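K.L.:
Sharing a structure below in structure tokens format, with a few things to ask.
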Amino acid sequence: MKEKRRYILVKYSGRVAQEAAQEFEHGLYRELLKMLGELHYADANPKLAKMLEDGYFVLRSSLSGAGDCILALSMIKKLNGEDAFFYTTKSSGTLKALLKHYEHERGAQPQEKPKTTPAQDY
Amino acid sequence: MEMYDIVAAGCNADEKTTTLLGYKKIFASGKDFRMSDLDEGAGKTGDAAMFTGSDENGLAARAKYGKFILPKRIGVGRSLLARIKDNDAVLCLPMERITSTYGLVRSKNIYFMRKTFSEARRFGAKVSLASMAPSAQFMLSTGQLLELGKMITGNESYVRESIGVVNRSISGV
């Protein structure tokens with residue numbers, strides 16, 4: 001059966017340059033592993049789903065491990081040797097809903113779906 | 001449900017941060033309420049909304065004012081809890097003790113906070129769960145505070161009541 005997932009919108013205290021994205025991602029997994037331990041990390045299965053702008057990113061986890069991930073993010077105060085902190089602003093069951101909330105928070109208007117014309121009967 | 005947080009003096013809790021973190025309001029010590037520290041020889045209590053200190057007897061005596069009590073020591077005695085309950089005061093459990101510590105010290109703090117909470121519940125005393133963040137690095141969003149509260153108390157509805165109604169009462173409302 002498909003695993004139920006949870007997407008968490010996180011605000012990072014710093015800025016992540018594109019070239020440093022992989023280093024940031026690995027550093028984040030290391031810190032999460034330190035906080036959660038091997039057993040809870042396996043249960044939560046966290047993964048960086050999407051990097052956004054202004055220090056925001058989306059963390060994907062299992063439904064049962066979402067609480068643990070939020071807890072771990074509140075306790076992480078250092079990343080790759082530098083002071084850092086994370087605020088979890090929203091969590092959702094779908095990435096689409098979370099991104100919609102993110103766009104709304106940033107003030108951008110959500111794009112309207114183009115209306116398809118119905119097929120004409122000849 | 002509206003949620004409120006309480007932070008220490010020096011923590012900048014502006015409107016933008018409050019909205020970002022999901023709170024209705026964040027009460028800052030020194031700005032929105034006065035904290036009286038008994039260890040620094042605080043004299044007249046006056047209009048202090050929160051009392052803190054290491055001496056439990058001193059805190060128990062101040063509990064009669066029915067305000068917030070923030071013990072500096074991790075473990076809290078039963079006599080203090082009984083006085084807090086009798087005077088309808090509030091015991092404040094700061095999450096900063098968990099977020100600002102590491103390793104074994106953090107584990108010990110979690111253990112003692114859980115123990116203190118269960119004792120306080122047994123006595124029927126009101127408990128406030130707040131970040132008491134000294135800076136932005138230790139501030140918590142509503143989701144994070146809820147999860148930390150659930151870890152300490154094991155009861156989500158109690159945590160919501162504590163972060164909502166109980167924390168709001170520091171403003172006198």
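We name chains A, B, ... following the order of the structure tokens; residues begin at 1 in each chain, and ligands are numbered from 1 as shown.
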Report as a VMD selection string all protein, DNA and RNA residues lying within 12 Å of Gly55 in chain A, evaluated on only C-alpha atoms, omitting residues in the same chain fewer than 6 positions from it.

P.N.:
chain A and resid 9 to 18 21 24 84 to 88

K.L.:
Could those selected residues go to a file with N, CA, C and O atoms, as an mmCIF file, in the first residue's frame?

P.N.:
```
data_model
loop_
_atom_site.group_PDB
_atom_site.id
_atom_site.type_symbol
_atom_site.label_atom_id
_atom_site.label_comp_id
_atom_site.auth_asym_id
_atom_site.auth_seq_id
_atom_site.Cartn_x
_atom_site.Cartn_y
_atom_site.Cartn_z
ATOM 1 N N LEU A 9 6.242 22.956 5.267
ATOM 2 C CA LEU A 9 6.868 24.186 4.770
ATOM 3 C C LEU A 9 7.752 24.749 5.877
ATOM 4 O O LEU A 9 7.284 25.014 6.986
ATOM 5 N N VAL A 10 9.028 24.897 5.586
ATOM 6 C CA VAL A 10 9.999 25.302 6.605
ATOM 7 C C VAL A 10 10.698 26.587 6.187
ATOM 8 O O VAL A 10 11.054 26.766 5.018
ATOM 9 N N LYS A 11 10.888 27.473 7.155
ATOM 10 C CA LYS A 11 11.636 28.713 6.907
ATOM 11 C C LYS A 11 12.990 28.569 7.583
ATOM 12 O O LYS A 11 13.087 28.352 8.791
ATOM 13 N N TYR A 12 14.030 28.686 6.789
ATOM 14 C CA TYR A 12 15.401 28.572 7.302
ATOM 15 C C TYR A 12 15.921 29.974 7.602
ATOM 16 O O TYR A 12 15.567 30.940 6.918
ATOM 17 N N SER A 13 16.765 30.081 8.627
ATOM 18 C CA SER A 13 17.229 31.396 9.062
ATOM 19 C C SER A 13 18.180 32.048 8.064
ATOM 20 O O SER A 13 18.337 33.259 8.059
ATOM 21 N N GLY A 14 18.864 31.242 7.244
ATOM 22 C CA GLY A 14 19.835 31.814 6.311
ATOM 23 C C GLY A 14 19.341 31.743 4.879
ATOM 24 O O GLY A 14 18.152 31.583 4.620
ATOM 25 N N ARG A 15 20.253 31.917 3.962
ATOM 26 C CA ARG A 15 19.953 31.813 2.530
ATOM 27 C C ARG A 15 20.821 30.699 1.952
ATOM 28 O O ARG A 15 21.965 30.554 2.335
ATOM 29 N N VAL A 16 20.267 29.916 1.037
ATOM 30 C CA VAL A 16 21.015 28.805 0.442
ATOM 31 C C VAL A 16 21.300 29.126 -1.015
ATOM 32 O O VAL A 16 20.376 29.230 -1.816
ATOM 33 N N ALA A 17 22.585 29.265 -1.329
ATOM 34 C CA ALA A 17 22.964 29.514 -2.726
ATOM 35 C C ALA A 17 22.800 28.211 -3.507
ATOM 36 O O ALA A 17 22.902 27.123 -2.944
ATOM 37 N N GLN A 18 22.560 28.336 -4.805
ATOM 38 C CA GLN A 18 22.289 27.154 -5.634
ATOM 39 C C GLN A 18 23.443 26.155 -5.590
ATOM 40 O O GLN A 18 23.249 24.952 -5.524
ATOM 41 N N ALA A 21 23.451 24.052 -2.392
ATOM 42 C CA ALA A 21 22.188 23.367 -2.073
ATOM 43 C C ALA A 21 22.417 21.924 -1.609
ATOM 44 O O ALA A 21 21.796 21.461 -0.650
ATOM 45 N N PHE A 24 23.852 21.844 1.846
ATOM 46 C CA PHE A 24 22.789 22.181 2.799
ATOM 47 C C PHE A 24 21.905 20.960 3.052
ATOM 48 O O PHE A 24 21.581 20.626 4.187
ATOM 49 N N ALA A 84 22.057 28.252 13.082
ATOM 50 C CA ALA A 84 20.887 28.195 12.196
ATOM 51 C C ALA A 84 19.656 27.873 13.027
ATOM 52 O O ALA A 84 19.771 27.357 14.136
ATOM 53 N N PHE A 85 18.493 28.210 12.511
ATOM 54 C CA PHE A 85 17.257 27.771 13.139
ATOM 55 C C PHE A 85 16.189 27.636 12.064
ATOM 56 O O PHE A 85 16.307 28.202 10.973
ATOM 57 N N PHE A 86 15.166 26.861 12.374
ATOM 58 C CA PHE A 86 14.107 26.549 11.417
ATOM 59 C C PHE A 86 12.745 26.818 12.049
ATOM 60 O O PHE A 86 12.511 26.454 13.195
ATOM 61 N N TYR A 87 11.866 27.437 11.287
ATOM 62 C CA TYR A 87 10.472 27.603 11.706
ATOM 63 C C TYR A 87 9.618 26.769 10.765
ATOM 64 O O TYR A 87 9.700 26.940 9.547
ATOM 65 N N THR A 88 8.774 25.899 11.313
ATOM 66 C CA THR A 88 7.857 25.137 10.454
ATOM 67 C C THR A 88 6.548 25.912 10.409
ATOM 68 O O THR A 88 5.847 26.013 11.409
#
```

K.L.:
Based on only C-alpha atoms, which of the residues in chain B come within 8 Å of chain A? I want them as a PDB file with N, CA and C atoms, in the first residue's frame.

P.N.:
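part.pdb was written with the following content:
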```
ATOM      1  N   LEU B  20       4.203  35.248  10.942  1.00  0.00           N
ATOM      2  CA  LEU B  20       4.950  34.139  10.330  1.00  0.00           C
ATOM      3  C   LEU B  20       4.844  32.881  11.187  1.00  0.00           C
ATOM      4  N   LEU B  21       4.963  33.064  12.512  1.00  0.00           N
ATOM      5  CA  LEU B  21       4.950  31.911  13.411  1.00  0.00           C
ATOM      6  C   LEU B  21       3.541  31.409  13.706  1.00  0.00           C
ATOM      7  N   GLY B  22       2.513  32.185  13.337  1.00  0.00           N
ATOM      8  CA  GLY B  22       1.138  31.706  13.484  1.00  0.00           C
ATOM      9  C   GLY B  22       0.447  32.075  14.776  1.00  0.00           C
ATOM     10  N   ILE B  98      14.717  23.164  26.629  1.00  0.00           N
ATOM     11  CA  ILE B  98      14.913  22.003  25.751  1.00  0.00           C
ATOM     12  C   ILE B  98      15.626  22.437  24.472  1.00  0.00           C
ATOM     13  N   THR B  99      15.206  23.570  23.904  1.00  0.00           N
ATOM     14  CA  THR B  99      15.757  23.958  22.607  1.00  0.00           C
ATOM     15  C   THR B  99      17.170  24.525  22.703  1.00  0.00           C
ATOM     16  N   SER B 100      17.566  25.036  23.876  1.00  0.00           N
ATOM     17  CA  SER B 100      18.885  25.665  23.956  1.00  0.00           C
ATOM     18  C   SER B 100      19.949  24.740  24.547  1.00  0.00           C
ATOM     19  N   GLN B 137      16.504  33.022  17.557  1.00  0.00           N
ATOM     20  CA  GLN B 137      17.003  31.677  17.270  1.00  0.00           C
ATOM     21  C   GLN B 137      16.209  30.610  18.028  1.00  0.00           C
ATOM     22  N   PHE B 138      15.651  30.996  19.176  1.00  0.00           N
ATOM     23  CA  PHE B 138      14.956  30.011  20.010  1.00  0.00           C
ATOM     24  C   PHE B 138      13.447  30.176  19.981  1.00  0.00           C
ATOM     25  N   LEU B 140       9.662  29.703  18.526  1.00  0.00           N
ATOM     26  CA  LEU B 140       9.032  28.512  17.953  1.00  0.00           C
ATOM     27  C   LEU B 140       7.730  28.890  17.282  1.00  0.00           C
ATOM     28  N   SER B 141       7.417  28.193  16.183  1.00  0.00           N
ATOM     29  CA  SER B 141       6.126  28.402  15.536  1.00  0.00           C
ATOM     30  C   SER B 141       5.063  27.650  16.347  1.00  0.00           C
ATOM     31  N   THR B 142       3.792  27.882  16.018  1.00  0.00           N
ATOM     32  CA  THR B 142       2.715  27.215  16.758  1.00  0.00           C
ATOM     33  C   THR B 142       2.819  25.702  16.615  1.00  0.00           C
ATOM     34  N   GLY B 143       3.151  25.246  15.402  1.00  0.00           N
ATOM     35  CA  GLY B 143       3.281  23.806  15.168  1.00  0.00           C
ATOM     36  C   GLY B 143       4.384  23.193  16.015  1.00  0.00           C
ATOM     37  N   GLN B 144       5.506  23.902  16.088  1.00  0.00           N
ATOM     38  CA  GLN B 144       6.637  23.394  16.867  1.00  0.00           C
ATOM     39  C   GLN B 144       6.320  23.384  18.359  1.00  0.00           C
ATOM     40  N   GLU B 147       4.027  20.487  19.137  1.00  0.00           N
ATOM     41  CA  GLU B 147       4.727  19.187  19.164  1.00  0.00           C
ATOM     42  C   GLU B 147       5.561  19.038  20.428  1.00  0.00           C
ATOM     43  N   LEU B 148       6.239  20.112  20.828  1.00  0.00           N
ATOM     44  CA  LEU B 148       7.029  20.066  22.064  1.00  0.00           C
ATOM     45  C   LEU B 148       6.105  19.856  23.262  1.00  0.00           C
TER      46      LEU B 148
END
```

K.L.:
So, counting only C-alpha atoms, which residue among B:Ile26, B:Asp47, B:Asn57, B:Ser169 is closest to Ala89 in chain B?

P.N.:
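Closest to Ala89 in chain B of all the choices is B:Ser169.
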
K.L.:
Show me, as number ranges by chain, the residues that have an atom within 8 Å of range 103-114 of chain B when counting only C-alpha atoms, minus same-chain residues fewer than 2 positions from it.

P.N.:
B: 74-75, 93, 97-99, 101, 116-118, 152-153

K.L.:
Would you save the residues from that selection as a PDB file, in the first residue's frame, using N, CA, C and O atoms?

P.N.:
```
ATOM      1  N   ILE B  74      15.047  23.021  37.789  1.00  0.00           N
ATOM      2  CA  ILE B  74      14.300  22.139  36.877  1.00  0.00           C
ATOM      3  C   ILE B  74      13.184  21.417  37.622  1.00  0.00           C
ATOM      4  O   ILE B  74      12.040  21.418  37.207  1.00  0.00           O
ATOM      5  N   GLY B  75      13.508  20.777  38.741  1.00  0.00           N
ATOM      6  CA  GLY B  75      12.486  20.061  39.508  1.00  0.00           C
ATOM      7  C   GLY B  75      11.739  21.044  40.389  1.00  0.00           C
ATOM      8  O   GLY B  75      12.308  21.990  40.915  1.00  0.00           O
ATOM      9  N   LEU B  93       6.245  26.513  32.210  1.00  0.00           N
ATOM     10  CA  LEU B  93       7.290  25.571  31.794  1.00  0.00           C
ATOM     11  C   LEU B  93       7.933  26.100  30.503  1.00  0.00           C
ATOM     12  O   LEU B  93       7.287  26.116  29.455  1.00  0.00           O
ATOM     13  N   ARG B  97      14.451  25.615  27.744  1.00  0.00           N
ATOM     14  CA  ARG B  97      15.335  24.669  28.429  1.00  0.00           C
ATOM     15  C   ARG B  97      15.605  23.434  27.573  1.00  0.00           C
ATOM     16  O   ARG B  97      16.578  22.724  27.784  1.00  0.00           O
ATOM     17  N   ILE B  98      14.717  23.164  26.629  1.00  0.00           N
ATOM     18  CA  ILE B  98      14.913  22.003  25.751  1.00  0.00           C
ATOM     19  C   ILE B  98      15.626  22.437  24.472  1.00  0.00           C
ATOM     20  O   ILE B  98      16.543  21.762  23.999  1.00  0.00           O
ATOM     21  N   THR B  99      15.206  23.570  23.904  1.00  0.00           N
ATOM     22  CA  THR B  99      15.757  23.958  22.607  1.00  0.00           C
ATOM     23  C   THR B  99      17.170  24.525  22.703  1.00  0.00           C
ATOM     24  O   THR B  99      17.905  24.498  21.724  1.00  0.00           O
ATOM     25  N   THR B 101      19.578  23.525  24.879  1.00  0.00           N
ATOM     26  CA  THR B 101      20.544  22.588  25.459  1.00  0.00           C
ATOM     27  C   THR B 101      20.783  21.418  24.506  1.00  0.00           C
ATOM     28  O   THR B 101      20.095  21.282  23.499  1.00  0.00           O
ATOM     29  N   THR B 116       7.552  17.157  36.287  1.00  0.00           N
ATOM     30  CA  THR B 116       6.951  18.353  36.878  1.00  0.00           C
ATOM     31  C   THR B 116       5.540  18.542  36.367  1.00  0.00           C
ATOM     32  O   THR B 116       4.624  18.851  37.142  1.00  0.00           O
ATOM     33  N   PHE B 117       5.350  18.351  35.068  1.00  0.00           N
ATOM     34  CA  PHE B 117       4.010  18.521  34.501  1.00  0.00           C
ATOM     35  C   PHE B 117       3.032  17.516  35.103  1.00  0.00           C
ATOM     36  O   PHE B 117       1.913  17.873  35.486  1.00  0.00           O
ATOM     37  N   SER B 118       3.440  16.261  35.176  1.00  0.00           N
ATOM     38  CA  SER B 118       2.496  15.243  35.679  1.00  0.00           C
ATOM     39  C   SER B 118       2.170  15.505  37.153  1.00  0.00           C
ATOM     40  O   SER B 118       1.031  15.313  37.587  1.00  0.00           O
ATOM     41  N   ILE B 152       5.918  16.712  26.044  1.00  0.00           N
ATOM     42  CA  ILE B 152       5.992  16.879  27.500  1.00  0.00           C
ATOM     43  C   ILE B 152       4.729  16.343  28.177  1.00  0.00           C
ATOM     44  O   ILE B 152       4.790  15.641  29.179  1.00  0.00           O
ATOM     45  N   THR B 153       3.578  16.688  27.615  1.00  0.00           N
ATOM     46  CA  THR B 153       2.329  16.391  28.312  1.00  0.00           C
ATOM     47  C   THR B 153       1.639  15.122  27.842  1.00  0.00           C
ATOM     48  O   THR B 153       0.913  14.505  28.603  1.00  0.00           O
TER      49      THR B 153
END
```

K.L.:
If you measure from CA of Thr94 in chain A to CA of Met1 in chain A, what distance in Å do you get, rounded to one decimal?

P.N.:
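According to the coordinates, CA of Thr94 in chain A and CA of Met1 in chain A are separated by 17.5 Å.
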
K.L.:
Identify, on the basis of only C-alpha atoms, every residue whose closest approach to Ala8 in chain B does not exceed 10 Å; exclude the query and any residue fewer than 6 positions from it along the same chain; express the result as a PyMOL selection string.

P.N.:
chain B and resi 27-31+35+94+96+130-135

K.L.:
Could you check how far CA of Cys92 in chain B sits from CA of Pro71 in chain B, in Å to one decimal?

P.N.:
7.8 Å

K.L.:
So the first atom is CA of Ala42 in chain A and the second is CA of Met151 in chain B; what is the distance between them in Å, to one decimal place?

P.N.:
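Pair CA of Ala42 in chain A / CA of Met151 in chain B returns 19.4 Å.
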
K.L.:
For range 25-27 of chain A, please output as a PDB file with C-alpha atoms, in the first residue's frame all residues within 6 Å (counting only C-alpha atoms; exclusion window: fewer than 3 positions along the same chain).

P.N.:
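File around10.pdb, as written:
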```pdb
ATOM      1  CA  GLN A  22      23.553  19.815  -1.938  1.00  0.00           C
ATOM      2  CA  ARG A  30      22.829  14.728   9.258  1.00  0.00           C
ATOM      3  CA  ASN A  80      27.289  22.658   8.844  1.00  0.00           C
TER       4      ASN A  80
END
```

K.L.:
Please identify all polymer residues within 8 Å of Tyr4 in chain B, counting only C-alpha atoms, omitting same-chain residues fewer than 2 positions from it, and present them as a PDB file with all heavy atoms, in the first residue's frame.

P.N.:
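Writing done, so here's around.pdb:
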```pdb
ATOM      1  N   GLU B   2      -7.028  30.632  18.689  1.00  0.00           N
ATOM      2  CA  GLU B   2      -5.931  31.600  18.755  1.00  0.00           C
ATOM      3  C   GLU B   2      -4.875  31.127  19.738  1.00  0.00           C
ATOM      4  O   GLU B   2      -5.194  30.603  20.812  1.00  0.00           O
ATOM      5  CB  GLU B   2      -6.493  32.955  19.195  1.00  0.00           C
ATOM      6  CG  GLU B   2      -7.369  33.587  18.131  1.00  0.00           C
ATOM      7  CD  GLU B   2      -8.122  34.792  18.643  1.00  0.00           C
ATOM      8  OE1 GLU B   2      -8.078  35.077  19.846  1.00  0.00           O
ATOM      9  OE2 GLU B   2      -8.778  35.455  17.819  1.00  0.00           O
ATOM     10  N   ILE B   6       4.921  33.380  24.973  1.00  0.00           N
ATOM     11  CA  ILE B   6       5.579  34.306  25.899  1.00  0.00           C
ATOM     12  C   ILE B   6       7.078  34.180  25.676  1.00  0.00           C
ATOM     13  O   ILE B   6       7.613  33.065  25.643  1.00  0.00           O
ATOM     14  CB  ILE B   6       5.243  33.955  27.375  1.00  0.00           C
ATOM     15  CG1 ILE B   6       3.723  33.915  27.573  1.00  0.00           C
ATOM     16  CG2 ILE B   6       5.867  34.968  28.319  1.00  0.00           C
ATOM     17  CD1 ILE B   6       3.296  33.305  28.889  1.00  0.00           C
ATOM     18  N   TYR B  23       1.001  33.022  15.544  1.00  0.00           N
ATOM     19  CA  TYR B  23       0.378  33.409  16.812  1.00  0.00           C
ATOM     20  C   TYR B  23      -0.541  34.609  16.625  1.00  0.00           C
ATOM     21  O   TYR B  23      -0.368  35.405  15.711  1.00  0.00           O
ATOM     22  CB  TYR B  23       1.444  33.775  17.849  1.00  0.00           C
ATOM     23  CG  TYR B  23       2.313  32.624  18.264  1.00  0.00           C
ATOM     24  CD1 TYR B  23       3.622  32.520  17.806  1.00  0.00           C
ATOM     25  CD2 TYR B  23       1.831  31.634  19.116  1.00  0.00           C
ATOM     26  CE1 TYR B  23       4.421  31.457  18.170  1.00  0.00           C
ATOM     27  CE2 TYR B  23       2.627  30.567  19.488  1.00  0.00           C
ATOM     28  CZ  TYR B  23       3.930  30.481  19.007  1.00  0.00           C
ATOM     29  OH  TYR B  23       4.718  29.434  19.369  1.00  0.00           O
ATOM     30  N   LYS B  24      -1.480  34.748  17.566  1.00  0.00           N
ATOM     31  CA  LYS B  24      -2.310  35.944  17.598  1.00  0.00           C
ATOM     32  C   LYS B  24      -1.469  37.083  18.181  1.00  0.00           C
ATOM     33  O   LYS B  24      -1.515  38.201  17.708  1.00  0.00           O
ATOM     34  CB  LYS B  24      -3.546  35.674  18.480  1.00  0.00           C
ATOM     35  CG  LYS B  24      -4.432  36.866  18.697  1.00  0.00           C
ATOM     36  CD  LYS B  24      -5.306  37.142  17.511  1.00  0.00           C
ATOM     37  CE  LYS B  24      -6.245  38.314  17.805  1.00  0.00           C
ATOM     38  NZ  LYS B  24      -6.926  38.780  16.614  1.00  0.00           N
ATOM     39  N   LYS B  25      -0.732  36.772  19.247  1.00  0.00           N
ATOM     40  CA  LYS B  25       0.166  37.751  19.860  1.00  0.00           C
ATOM     41  C   LYS B  25       1.283  37.025  20.614  1.00  0.00           C
ATOM     42  O   LYS B  25       1.079  35.946  21.148  1.00  0.00           O
ATOM     43  CB  LYS B  25      -0.613  38.640  20.838  1.00  0.00           C
ATOM     44  CG  LYS B  25       0.256  39.753  21.409  1.00  0.00           C
ATOM     45  CD  LYS B  25      -0.512  40.881  21.996  1.00  0.00           C
ATOM     46  CE  LYS B  25       0.378  41.843  22.741  1.00  0.00           C
ATOM     47  NZ  LYS B  25       1.434  42.466  21.934  1.00  0.00           N
ATOM     48  N   ILE B  26       2.460  37.665  20.636  1.00  0.00           N
ATOM     49  CA  ILE B  26       3.575  37.142  21.425  1.00  0.00           C
ATOM     50  C   ILE B  26       3.855  38.166  22.517  1.00  0.00           C
ATOM     51  O   ILE B  26       4.167  39.332  22.232  1.00  0.00           O
ATOM     52  CB  ILE B  26       4.826  36.920  20.551  1.00  0.00           C
ATOM     53  CG1 ILE B  26       4.539  35.849  19.477  1.00  0.00           C
ATOM     54  CG2 ILE B  26       6.004  36.479  21.404  1.00  0.00           C
ATOM     55  CD1 ILE B  26       5.683  35.592  18.521  1.00  0.00           C
ATOM     56  N   PHE B  27       3.752  37.735  23.779  1.00  0.00           N
ATOM     57  CA  PHE B  27       3.976  38.638  24.907  1.00  0.00           C
ATOM     58  C   PHE B  27       5.455  38.632  25.264  1.00  0.00           C
ATOM     59  O   PHE B  27       6.028  37.582  25.563  1.00  0.00           O
ATOM     60  CB  PHE B  27       3.151  38.189  26.119  1.00  0.00           C
ATOM     61  CG  PHE B  27       1.669  38.209  25.866  1.00  0.00           C
ATOM     62  CD1 PHE B  27       0.961  37.034  25.670  1.00  0.00           C
ATOM     63  CD2 PHE B  27       0.973  39.416  25.810  1.00  0.00           C
ATOM     64  CE1 PHE B  27      -0.400  37.051  25.419  1.00  0.00           C
ATOM     65  CE2 PHE B  27      -0.395  39.440  25.563  1.00  0.00           C
ATOM     66  CZ  PHE B  27      -1.074  38.261  25.363  1.00  0.00           C
ATOM     67  N   ILE B 163      -1.576  26.826  25.439  1.00  0.00           N
ATOM     68  CA  ILE B 163      -1.005  27.832  24.535  1.00  0.00           C
ATOM     69  C   ILE B 163      -2.044  28.897  24.190  1.00  0.00           C
ATOM     70  O   ILE B 163      -1.701  30.025  23.847  1.00  0.00           O
ATOM     71  CB  ILE B 163      -0.498  27.154  23.240  1.00  0.00           C
ATOM     72  CG1 ILE B 163       0.603  26.163  23.569  1.00  0.00           C
ATOM     73  CG2 ILE B 163       0.063  28.167  22.264  1.00  0.00           C
ATOM     74  CD1 ILE B 163       1.014  25.308  22.398  1.00  0.00           C
ATOM     75  N   GLY B 164      -3.312  28.551  24.312  1.00  0.00           N
ATOM     76  CA  GLY B 164      -4.366  29.510  23.979  1.00  0.00           C
ATOM     77  C   GLY B 164      -4.799  30.330  25.178  1.00  0.00           C
ATOM     78  O   GLY B 164      -4.357  31.459  25.388  1.00  0.00           O
ATOM     79  N   ASN B 167      -1.903  31.066  28.310  1.00  0.00           N
ATOM     80  CA  ASN B 167      -0.866  32.043  27.962  1.00  0.00           C
ATOM     81  C   ASN B 167      -1.440  33.445  27.802  1.00  0.00           C
ATOM     82  O   ASN B 167      -0.788  34.442  28.117  1.00  0.00           O
ATOM     83  CB  ASN B 167      -0.149  31.620  26.666  1.00  0.00           C
ATOM     84  CG  ASN B 167       0.896  30.544  26.925  1.00  0.00           C
ATOM     85  OD1 ASN B 167       1.071  30.102  28.047  1.00  0.00           O
ATOM     86  ND2 ASN B 167       1.576  30.121  25.882  1.00  0.00           N
ATOM     87  N   ARG B 168      -2.659  33.530  27.309  1.00  0.00           N
ATOM     88  CA  ARG B 168      -3.284  34.842  27.110  1.00  0.00           C
ATOM     89  C   ARG B 168      -3.516  35.545  28.442  1.00  0.00           C
ATOM     90  O   ARG B 168      -3.518  36.765  28.522  1.00  0.00           O
ATOM     91  CB  ARG B 168      -4.608  34.658  26.365  1.00  0.00           C
ATOM     92  CG  ARG B 168      -5.250  35.964  25.902  1.00  0.00           C
ATOM     93  CD  ARG B 168      -6.551  35.715  25.214  1.00  0.00           C
ATOM     94  NE  ARG B 168      -7.528  35.166  26.129  1.00  0.00           N
ATOM     95  CZ  ARG B 168      -8.705  34.701  25.759  1.00  0.00           C
ATOM     96  NH1 ARG B 168      -9.049  34.689  24.500  1.00  0.00           N
ATOM     97  NH2 ARG B 168      -9.533  34.211  26.638  1.00  0.00           N
TER      98      ARG B 168
END
```

K.L.:
Excluding Arg60 in chain A and its own-chain neighbours fewer than 2 positions away, which residues fall within 10 Å of it when counting only C-alpha atoms? Please give them as a VMD selection string.

P.N.:
chain A and resid 5 to 9 44 to 50 57 to 58 62 to 63 65 to 66 69 91 to 95

K.L.:
Run DSSP on the backbone and grab whatever in chain B lands in strand (DSSP E or B); send it over as a count of residues only.

P.N.:
31

K.L.:
From the DSSP assignment of the backbone, select every residue of chain A that is helix (DSSP H, G or I), and format the answer as a PyMOL selection string.

P.N.:
chain A and resi 18-44+66-75+95-106
